[in-house]
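Asks: To be precise about what I am sending: the file is called protein_0.cif and holds mmCIF, C-alpha atoms, pLDDT in the B column; chains and numbers go by the auth columns.
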```cif
data_final
loop_
_atom_site.group_PDB
_atom_site.id
_atom_site.type_symbol
_atom_site.label_atom_id
_atom_site.label_comp_id
_atom_site.label_asym_id
_atom_site.label_seq_id
_atom_site.Cartn_x
_atom_site.Cartn_y
_atom_site.Cartn_z
_atom_site.B_iso_or_equiv
_atom_site.auth_seq_id
_atom_site.auth_asym_id
ATOM 1 C CA MET A 1 0.000 0.000 0.000 42.00 1 A
ATOM 2 C CA VAL A 2 2.786 2.419 0.923 36.00 2 A
ATOM 3 C CA LEU A 3 4.616 1.642 -2.317 36.00 3 A
ATOM 4 C CA THR A 4 1.440 2.322 -4.314 40.00 4 A
ATOM 5 C CA ILE A 5 0.937 5.717 -2.647 34.00 5 A
ATOM 6 C CA LEU A 6 4.587 6.644 -3.175 32.00 6 A
ATOM 7 C CA SER A 7 4.426 5.626 -6.845 39.00 7 A
ATOM 8 C CA ALA A 8 1.276 7.724 -7.426 39.00 8 A
ATOM 9 C CA ALA A 9 2.867 10.712 -5.699 36.00 9 A
ATOM 10 C CA ALA A 10 5.995 10.385 -7.820 38.00 10 A
ATOM 11 C CA ALA A 11 3.941 10.212 -11.032 43.00 11 A
ATOM 12 C CA ALA A 12 1.970 13.325 -10.048 42.00 12 A
ATOM 13 C CA ALA A 13 5.156 15.190 -9.209 39.00 13 A
ATOM 14 C CA ALA A 14 6.681 14.229 -12.545 43.00 14 A
ATOM 15 C CA GLY A 15 3.849 15.976 -14.385 45.00 15 A
ATOM 16 C CA SER A 16 3.484 18.968 -12.090 47.00 16 A
ATOM 17 C CA ASP A 17 5.988 21.047 -14.096 52.00 17 A
ATOM 18 C CA GLY A 18 4.254 20.449 -17.422 53.00 18 A
ATOM 19 C CA SER A 19 6.491 17.552 -18.405 64.00 19 A
ATOM 20 C CA GLY A 20 3.644 15.054 -18.541 80.00 20 A
ATOM 21 C CA ARG A 21 2.512 13.050 -21.542 94.00 21 A
ATOM 22 C CA HIS A 22 -0.953 14.591 -22.015 97.00 22 A
ATOM 23 C CA GLN A 23 -1.684 17.781 -23.929 97.00 23 A
ATOM 24 C CA VAL A 24 -4.879 19.554 -24.971 98.00 24 A
ATOM 25 C CA ARG A 25 -5.136 22.588 -27.201 98.00 25 A
ATOM 26 C CA LEU A 26 -7.611 25.167 -28.458 98.00 26 A
ATOM 27 C CA GLY A 27 -6.823 27.169 -31.564 98.00 27 A
ATOM 28 C CA TRP A 28 -7.840 29.186 -34.614 98.00 28 A
ATOM 29 C CA GLY A 29 -6.685 28.929 -38.238 97.00 29 A
ATOM 30 C CA ASP A 30 -7.146 30.982 -41.405 96.00 30 A
ATOM 31 C CA MET A 31 -9.746 30.309 -44.129 95.00 31 A
ATOM 32 C CA LEU A 32 -7.786 31.623 -47.108 91.00 32 A
ATOM 33 C CA PHE A 33 -9.089 28.943 -49.491 91.00 33 A
ATOM 34 C CA GLU A 34 -12.703 29.471 -48.429 92.00 34 A
ATOM 35 C CA THR A 35 -12.529 33.253 -48.816 91.00 35 A
ATOM 36 C CA LEU A 36 -11.158 32.777 -52.341 89.00 36 A
ATOM 37 C CA ALA A 37 -13.690 30.094 -53.301 88.00 37 A
ATOM 38 C CA PHE A 38 -16.744 31.712 -51.678 86.00 38 A
ATOM 39 C CA HIS A 39 -16.963 35.436 -52.284 82.00 39 A
ATOM 40 C CA PRO A 40 -19.558 38.042 -53.305 81.00 40 A
ATOM 41 C CA SER A 41 -20.892 38.033 -56.840 72.00 41 A
ATOM 42 C CA ALA A 42 -19.659 40.775 -59.135 70.00 42 A
ATOM 43 C CA THR A 43 -21.903 43.824 -58.910 66.00 43 A
ATOM 44 C CA LEU A 44 -23.569 44.269 -62.281 65.00 44 A
ATOM 45 C CA GLN A 45 -24.115 47.799 -63.495 66.00 45 A
ATOM 46 C CA TYR A 46 -26.354 48.386 -66.517 73.00 46 A
ATOM 47 C CA PRO A 47 -25.730 51.685 -68.353 76.00 47 A
ATOM 48 C CA ASN A 48 -29.163 51.484 -70.024 81.00 48 A
ATOM 49 C CA PRO A 49 -31.455 49.250 -67.885 80.00 49 A
ATOM 50 C CA GLU A 50 -34.533 50.272 -69.942 80.00 50 A
ATOM 51 C CA ALA A 51 -33.064 48.328 -72.856 78.00 51 A
ATOM 52 C CA LEU A 52 -33.257 45.092 -70.856 83.00 52 A
ATOM 53 C CA PRO A 53 -36.434 42.947 -70.860 86.00 53 A
ATOM 54 C CA ALA A 54 -38.992 43.994 -68.264 85.00 54 A
ATOM 55 C CA ASP A 55 -38.787 40.573 -66.578 87.00 55 A
ATOM 56 C CA PHE A 56 -34.976 40.631 -66.411 87.00 56 A
ATOM 57 C CA SER A 57 -33.519 39.451 -63.077 87.00 57 A
ATOM 58 C CA SER A 58 -30.099 38.721 -61.644 86.00 58 A
ATOM 59 C CA ASP A 59 -29.255 36.498 -58.647 89.00 59 A
ATOM 60 C CA GLN A 60 -26.488 37.907 -56.467 89.00 60 A
ATOM 61 C CA ARG A 61 -24.551 36.602 -53.452 90.00 61 A
ATOM 62 C CA HIS A 62 -23.425 39.135 -50.878 91.00 62 A
ATOM 63 C CA ASP A 63 -22.740 39.823 -47.168 92.00 63 A
ATOM 64 C CA TYR A 64 -20.300 36.957 -46.700 94.00 64 A
ATOM 65 C CA GLY A 65 -19.079 35.919 -43.249 95.00 65 A
ATOM 66 C CA TYR A 66 -16.428 33.433 -42.111 96.00 66 A
ATOM 67 C CA THR A 67 -15.647 31.976 -38.692 97.00 67 A
ATOM 68 C CA GLY A 68 -12.137 30.800 -39.452 97.00 68 A
ATOM 69 C CA HIS A 69 -11.096 27.310 -38.383 98.00 69 A
ATOM 70 C CA ILE A 70 -11.868 26.788 -34.702 98.00 70 A
ATOM 71 C CA PHE A 71 -10.214 23.591 -33.488 98.00 71 A
ATOM 72 C CA ALA A 72 -9.591 21.615 -30.316 98.00 72 A
ATOM 73 C CA GLY A 73 -7.318 18.637 -29.876 98.00 73 A
ATOM 74 C CA TYR A 74 -5.734 16.132 -27.544 98.00 74 A
ATOM 75 C CA TYR A 75 -2.386 14.352 -27.960 98.00 75 A
ATOM 76 C CA HIS A 76 -0.681 11.711 -25.845 98.00 76 A
ATOM 77 C CA ARG A 77 3.093 11.488 -25.990 97.00 77 A
ATOM 78 C CA LEU A 78 4.109 7.850 -26.444 97.00 78 A
ATOM 79 C CA THR A 79 7.854 8.511 -26.702 96.00 79 A
ATOM 80 C CA LYS A 80 10.128 11.545 -26.913 95.00 80 A
ATOM 81 C CA VAL A 81 9.425 11.594 -30.656 97.00 81 A
ATOM 82 C CA VAL A 82 5.946 10.153 -31.260 98.00 82 A
ATOM 83 C CA SER A 83 2.608 11.573 -30.041 98.00 83 A
ATOM 84 C CA VAL A 84 -0.838 10.320 -31.057 98.00 84 A
ATOM 85 C CA GLY A 85 -4.248 11.943 -30.720 98.00 85 A
ATOM 86 C CA GLY A 86 -6.433 14.102 -32.923 97.00 86 A
ATOM 87 C CA ASP A 87 -8.307 17.327 -33.615 98.00 87 A
ATOM 88 C CA LEU A 88 -11.893 18.438 -34.091 98.00 88 A
ATOM 89 C CA ASP A 89 -12.031 21.338 -36.564 98.00 89 A
ATOM 90 C CA PHE A 90 -15.120 23.508 -37.126 98.00 90 A
ATOM 91 C CA GLU A 91 -15.794 26.305 -39.618 98.00 91 A
ATOM 92 C CA GLY A 92 -18.782 28.270 -40.841 97.00 92 A
ATOM 93 C CA ILE A 93 -19.345 30.116 -44.132 96.00 93 A
ATOM 94 C CA PHE A 94 -22.366 32.412 -44.456 96.00 94 A
ATOM 95 C CA TRP A 95 -23.857 34.636 -47.138 95.00 95 A
ATOM 96 C CA LYS A 96 -27.123 36.064 -48.464 95.00 96 A
ATOM 97 C CA GLU A 97 -28.719 35.517 -51.867 94.00 97 A
ATOM 98 C CA THR A 98 -30.918 38.188 -53.406 94.00 98 A
ATOM 99 C CA THR A 99 -32.677 38.500 -56.773 93.00 99 A
ATOM 100 C CA PHE A 100 -32.511 41.988 -58.348 89.00 100 A
ATOM 101 C CA ASP A 101 -34.428 43.468 -61.260 88.00 101 A
ATOM 102 C CA ARG A 102 -32.892 45.454 -64.102 86.00 102 A
ATOM 103 C CA TYR A 103 -32.759 48.580 -61.894 84.00 103 A
ATOM 104 C CA ARG A 104 -30.827 46.752 -59.143 83.00 104 A
ATOM 105 C CA VAL A 105 -33.903 46.743 -56.917 87.00 105 A
ATOM 106 C CA PRO A 106 -34.541 43.533 -54.902 90.00 106 A
ATOM 107 C CA THR A 107 -37.571 41.624 -56.149 91.00 107 A
ATOM 108 C CA GLY A 108 -38.083 39.786 -52.858 91.00 108 A
ATOM 109 C CA PRO A 109 -36.508 39.064 -49.484 94.00 109 A
ATOM 110 C CA SER A 110 -32.931 37.877 -49.251 94.00 110 A
ATOM 111 C CA LYS A 111 -32.234 34.242 -48.438 95.00 111 A
ATOM 112 C CA SER A 112 -29.670 33.480 -45.725 96.00 112 A
ATOM 113 C CA VAL A 113 -27.339 30.577 -46.524 96.00 113 A
ATOM 114 C CA ARG A 114 -25.323 28.967 -43.723 97.00 114 A
ATOM 115 C CA ASN A 115 -22.747 26.233 -44.328 97.00 115 A
ATOM 116 C CA TYR A 116 -20.898 24.325 -41.608 97.00 116 A
ATOM 117 C CA ASN A 117 -17.948 21.924 -41.840 97.00 117 A
ATOM 118 C CA LEU A 118 -16.910 19.654 -38.961 98.00 118 A
ATOM 119 C CA THR A 119 -13.674 17.734 -39.545 98.00 119 A
ATOM 120 C CA ILE A 120 -12.601 14.782 -37.379 98.00 120 A
ATOM 121 C CA LEU A 121 -8.849 14.214 -37.687 98.00 121 A
ATOM 122 C CA PRO A 122 -7.009 11.441 -35.815 98.00 122 A
ATOM 123 C CA GLY A 123 -3.318 12.127 -36.191 98.00 123 A
ATOM 124 C CA VAL A 124 0.338 11.586 -35.334 98.00 124 A
ATOM 125 C CA GLN A 125 2.954 14.180 -34.347 98.00 125 A
ATOM 126 C CA LEU A 126 6.741 13.717 -34.639 98.00 126 A
ATOM 127 C CA THR A 127 8.911 15.894 -32.380 97.00 127 A
ATOM 128 C CA TYR A 128 12.425 16.690 -33.628 96.00 128 A
ATOM 129 C CA LEU A 129 13.415 19.472 -31.201 97.00 129 A
ATOM 130 C CA ASP A 130 12.470 19.596 -27.535 95.00 130 A
ATOM 131 C CA THR A 131 14.212 22.062 -25.214 94.00 131 A
ATOM 132 C CA GLU A 132 13.190 23.681 -21.945 92.00 132 A
ATOM 133 C CA TRP A 133 11.268 26.456 -23.731 96.00 133 A
ATOM 134 C CA VAL A 134 10.841 25.388 -27.374 97.00 134 A
ATOM 135 C CA ARG A 135 9.397 22.306 -29.060 97.00 135 A
ATOM 136 C CA MET A 136 9.299 21.806 -32.840 98.00 136 A
ATOM 137 C CA TYR A 137 7.289 19.089 -34.518 98.00 137 A
ATOM 138 C CA SER A 138 5.448 18.039 -37.683 98.00 138 A
ATOM 139 C CA GLY A 139 2.508 15.713 -38.174 97.00 139 A
ATOM 140 C CA ILE A 140 -0.269 14.284 -40.266 98.00 140 A
ATOM 141 C CA GLY A 141 -3.962 13.714 -39.667 98.00 141 A
ATOM 142 C CA ALA A 142 -6.473 11.777 -41.750 98.00 142 A
ATOM 143 C CA GLY A 143 -10.208 11.535 -41.154 98.00 143 A
ATOM 144 C CA ILE A 144 -13.570 12.742 -42.411 98.00 144 A
ATOM 145 C CA LEU A 145 -15.341 16.026 -43.040 98.00 145 A
ATOM 146 C CA LEU A 146 -19.045 16.380 -42.269 98.00 146 A
ATOM 147 C CA ALA A 147 -20.568 19.159 -44.425 96.00 147 A
ATOM 148 C CA MET A 148 -23.962 20.598 -43.424 97.00 148 A
ATOM 149 C CA ASP A 149 -26.143 23.562 -44.378 96.00 149 A
ATOM 150 C CA ASN A 150 -29.356 25.212 -43.214 95.00 150 A
ATOM 151 C CA ASP A 151 -31.324 23.644 -46.093 93.00 151 A
ATOM 152 C CA GLY A 152 -30.802 20.169 -44.670 93.00 152 A
ATOM 153 C CA GLY A 153 -27.889 19.266 -46.909 94.00 153 A
ATOM 154 C CA PHE A 154 -25.379 16.773 -45.537 96.00 154 A
ATOM 155 C CA GLU A 155 -22.312 15.157 -47.120 96.00 155 A
ATOM 156 C CA VAL A 156 -19.271 13.228 -45.928 97.00 156 A
ATOM 157 C CA ALA A 157 -15.828 13.590 -47.507 97.00 157 A
ATOM 158 C CA PRO A 158 -12.340 12.264 -46.716 97.00 158 A
ATOM 159 C CA ALA A 159 -10.010 14.818 -45.139 98.00 159 A
ATOM 160 C CA LEU A 160 -6.235 15.097 -44.830 98.00 160 A
ATOM 161 C CA ASN A 161 -4.294 17.568 -42.709 97.00 161 A
ATOM 162 C CA LEU A 162 -0.557 18.076 -43.244 97.00 162 A
ATOM 163 C CA ASN A 163 1.254 19.799 -40.395 97.00 163 A
ATOM 164 C CA LEU A 164 4.454 20.869 -42.142 96.00 164 A
ATOM 165 C CA VAL A 165 6.123 22.525 -39.158 97.00 165 A
ATOM 166 C CA SER A 166 4.965 23.750 -35.746 98.00 166 A
ATOM 167 C CA VAL A 167 6.757 25.762 -33.077 98.00 167 A
ATOM 168 C CA GLN A 168 5.525 25.509 -29.497 98.00 168 A
ATOM 169 C CA VAL A 169 6.902 27.939 -26.914 98.00 169 A
ATOM 170 C CA GLY A 170 6.382 27.946 -23.170 96.00 170 A
ATOM 171 C CA LYS A 171 7.336 26.389 -19.855 93.00 171 A
ATOM 172 C CA GLY A 172 5.383 24.553 -17.210 93.00 172 A
ATOM 173 C CA HIS A 173 1.815 23.676 -18.109 96.00 173 A
ATOM 174 C CA TRP A 174 0.945 26.458 -20.593 96.00 174 A
ATOM 175 C CA TYR A 175 2.294 26.840 -24.129 97.00 175 A
ATOM 176 C CA GLY A 176 1.534 28.845 -27.250 98.00 176 A
ATOM 177 C CA ALA A 177 1.999 27.326 -30.708 98.00 177 A
ATOM 178 C CA LEU A 178 2.246 28.443 -34.326 98.00 178 A
ATOM 179 C CA GLU A 179 1.505 25.833 -36.994 98.00 179 A
ATOM 180 C CA LEU A 180 2.109 25.934 -40.750 98.00 180 A
ATOM 181 C CA GLY A 181 0.221 23.310 -42.727 96.00 181 A
ATOM 182 C CA MET A 182 -2.703 22.625 -45.027 97.00 182 A
ATOM 183 C CA LEU A 183 -6.112 21.038 -44.525 97.00 183 A
ATOM 184 C CA ASN A 184 -7.755 19.334 -47.508 97.00 184 A
ATOM 185 C CA ALA A 185 -11.147 17.680 -48.043 96.00 185 A
ATOM 186 C CA LEU A 186 -12.749 16.764 -51.367 93.00 186 A
ATOM 187 C CA LEU A 187 -15.008 14.333 -53.214 90.00 187 A
ATOM 188 C CA GLY A 188 -13.362 14.358 -56.622 82.00 188 A
ATOM 189 C CA ALA A 189 -12.427 17.379 -58.715 80.00 189 A
ATOM 190 C CA SER A 190 -16.010 18.749 -58.744 79.00 190 A
ATOM 191 C CA LYS A 191 -16.535 18.638 -54.947 88.00 191 A
ATOM 192 C CA VAL A 192 -13.695 20.494 -53.256 92.00 192 A
ATOM 193 C CA TYR A 193 -14.516 21.599 -49.723 93.00 193 A
ATOM 194 C CA MET A 194 -10.983 22.615 -48.789 94.00 194 A
ATOM 195 C CA ALA A 195 -7.649 22.645 -50.610 93.00 195 A
ATOM 196 C CA GLY A 196 -4.713 24.150 -48.781 92.00 196 A
ATOM 197 C CA SER A 197 -6.917 25.613 -46.071 95.00 197 A
ATOM 198 C CA ARG A 198 -5.751 26.391 -42.507 96.00 198 A
ATOM 199 C CA LEU A 199 -2.320 27.357 -43.778 97.00 199 A
ATOM 200 C CA VAL A 200 -1.524 29.222 -40.551 97.00 200 A
ATOM 201 C CA SER A 201 -2.877 28.263 -37.140 98.00 201 A
ATOM 202 C CA VAL A 202 -2.290 29.484 -33.599 98.00 202 A
ATOM 203 C CA SER A 203 -3.233 27.644 -30.441 98.00 203 A
ATOM 204 C CA LEU A 204 -3.060 27.717 -26.664 98.00 204 A
ATOM 205 C CA ASN A 205 -1.874 24.404 -25.236 98.00 205 A
ATOM 206 C CA TYR A 206 -2.023 22.876 -21.757 98.00 206 A
ATOM 207 C CA LYS A 207 0.199 19.936 -20.775 96.00 207 A
ATOM 208 C CA TRP A 208 0.133 17.696 -17.738 95.00 208 A
#
```
Step by step, read the file and then write its structure as structure tokens.
Replies:
Amino acid sequence: MVLTILSAAAAAAAGSDGSGRHQVRLGWGDMLFETLAFHPSATLQYPNPEALPADFSSDQRHDYGYTGHIFAGYYHRLTKVVSVGGDLDFEGIFWKETTFDRYRVPTGPSKSVRNYNLTILPGVQLTYLDTEWVRMYSGIGAGILLAMDNDGGFEVAPALNLNLVSVQVGKGHWYGALELGMLNALLGASKVYMAGSRLVSVSLNYKW
């Protein structure tokens, strides 16, 4: 019994300075691909609208909004080099669709469109520098993307995240990290949800 208590106390002490094997993180990444792929329609200006048919109409997308990639993850350090775990990544893309007549006057109410992507990414990290203050690592994650919208649409696509290089700085339990990588999810060439997205990510990490 005494040996068990002493062993548990030693294990707790070993992780009290942040040197433990468990790490959770919460972060945000850019949506460069999404902002390029989903953007407002070109504003059409008609120099002589009276020359257009009376029933002319034009559908326009506008008022776009983006959440960025909001992600949370957990990793367990198996060895000094290898850690296993995964991330949950969420993003939202929003816009409005409006039909205009030849005078650029709306012919009805705007429709709000809301798209959500949830990506589940089990992964592996490989650490190649680990000092008192700085850790550098790369990794890969492969999983699925769940795509949803407010019209009831739902699709599943394979997803791949490449963590090219990450720098984690801190001491004790708390760390900040900068990650350079790319998140991809697609169903063939005609269904690309992400390609080179989340190029830059930042996160706050806690280790015990």
Asks: Is it possible to get the residues within 12 Å of (9.4, 9.9, -29.6) (coordinates as in the file, counting all atoms listed in the file) written as an MDAnalysis selection string?
Replies: chainID A and resid 21 76:84 124:130 137
Asks: Nearest to Asp30 (chain A): which of A:Ser58, A:Ser190, A:Ser197, A:Thr107 is it, counting only C-alpha atoms?
Replies: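 The shortest atom-to-atom distance to Asp30 (chain A) comes from A:Ser197.
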Asks: May I have the residues within 10 Å of region 166-168 of chain A as a PyMOL selection string, using only C-alpha atoms and disregarding those fewer than 3 positions away in the same chain?
Replies: chain A and resi 125+127+129-130+133-139+163+171+175-181+200-205
Asks: Identify which of the residues A:Met182, A:Ile93, A:Ala147, A:Val165 lies closest to Phe38 (chain A), counting only C-alpha atoms when measuring atom-to-atom distances.
Replies: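 For Phe38 (chain A), the nearest of the given residues is A:Ile93.
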Asks: Pick the closest to Leu146 (chain A) from A:Thr98, A:Gln60, A:Asn117, A:Ser41: which is it, counting only C-alpha atoms?
Replies: A:Asn117
Asks: To one decimal place in Å, what is the distance between CA of Asn184 (chain A) and CA of Gly85 (chain A)?
Replies: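 Going from CA of Asn184 (chain A) over to CA of Gly85 (chain A) covers 18.7 Å.
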Asks: Which one is closest to Gly123 (chain A): A:Phe56, A:Tyr74, A:Tyr46, A:Tyr193? Count all atoms listed in the file.
Replies: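 Result for the nearest residue to Gly123 (chain A): A:Tyr74.
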